[in-house]
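Before any comments, here is the structure.
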Amino acid sequence: MDTIGKFLRTEREKHNLLLRQAAAKLDLDQAILSKIERNSRSATAKQISKFINLYNLNPEQLQVLWLSEKVYELLKEDPLANLVLEKVSNKLKADKMKKHY
């Protein structure tokens with residue numbers, strides 16, 4: 001799986017934007033954008049929206065990538081991570097079922 005940083009860097013390069021140009025269009029400091037692209041800093045939800053708009057991205061695709069990386073970072077060291085994810089998945093399914101009735 002590509003990281004969100006690698007994905008965003010690839011998108012920037014597809015749009016033929018230098019780091020400083022993209023940073024200006026995103027209203028971000030160039031150093032912050034560089035850290036996001038290197039995965040040494042996580043983007044905020046607001047920044048994700050800006051990336052979607054600038055690069056004309058599929059919102060669902062980028063948000064899923066962003067959220068999955070946040071969850072991964074939270075659980076990657078935990079030996080119970082898979083059990084936690086299974087429990088969360090079951091809760092989400094149950095909540096979805098409740099909303100349909």
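Starting from 1 in every chain, residues are counted up; chains themselves are A, B, ... following the order of the structure tokens, and ligands are numbered from 1 as listed.
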
**Message:** List the spatial neighbours of Thr44 in chain A as number ranges by chain - criterion: any atom at most 10 Å away, only C-alpha atoms, same-chain residues fewer than 6 positions off excluded.
**Reply:** A: 36, 50, 66

**Request:** Find the spatial neighbours of Lys46 in chain A, counting only C-alpha atoms, within a cut-off of 12 Å - ignore same-chain residues fewer than 5 positions away - and output them as a PyMOL selection string.
**Result:** chain A and resi 26-28+51-53+63+66

Write out, as a CSV table (one decimal), in the first residue's frame, the residues just selected, with C-alpha atoms.
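The resulting file, again-v3.csv, is reproduced below:
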chain,number,residue,atom,x,y,z
A,26,LEU,CA,-2.6,24.9,-0.6
A,27,ASP,CA,-1.8,27.8,1.7
A,28,LEU,CA,0.7,25.6,3.6
A,51,PHE,CA,-5.5,18.4,-1.5
A,52,ILE,CA,-8.8,16.9,-2.9
A,53,ASN,CA,-9.6,20.3,-4.5
A,63,GLN,CA,-10.2,10.1,3.0
A,66,TRP,CA,-5.9,9.2,5.3

**Message:** Can you pull out the residues contacting Leu57 in chain A? Cut-off 12 Å, using only C-alpha atoms, and skip same-chain residues under 3 positions away; I want them as a list in words.
**Reply:** Phe7, Leu8, Glu11, Arg12, Lys14, His15, Ile48, Ser49, Lys50, Phe51, Ile52, Asn53, Leu54, Glu60, Gln61, Leu62 and Gln63 of chain A
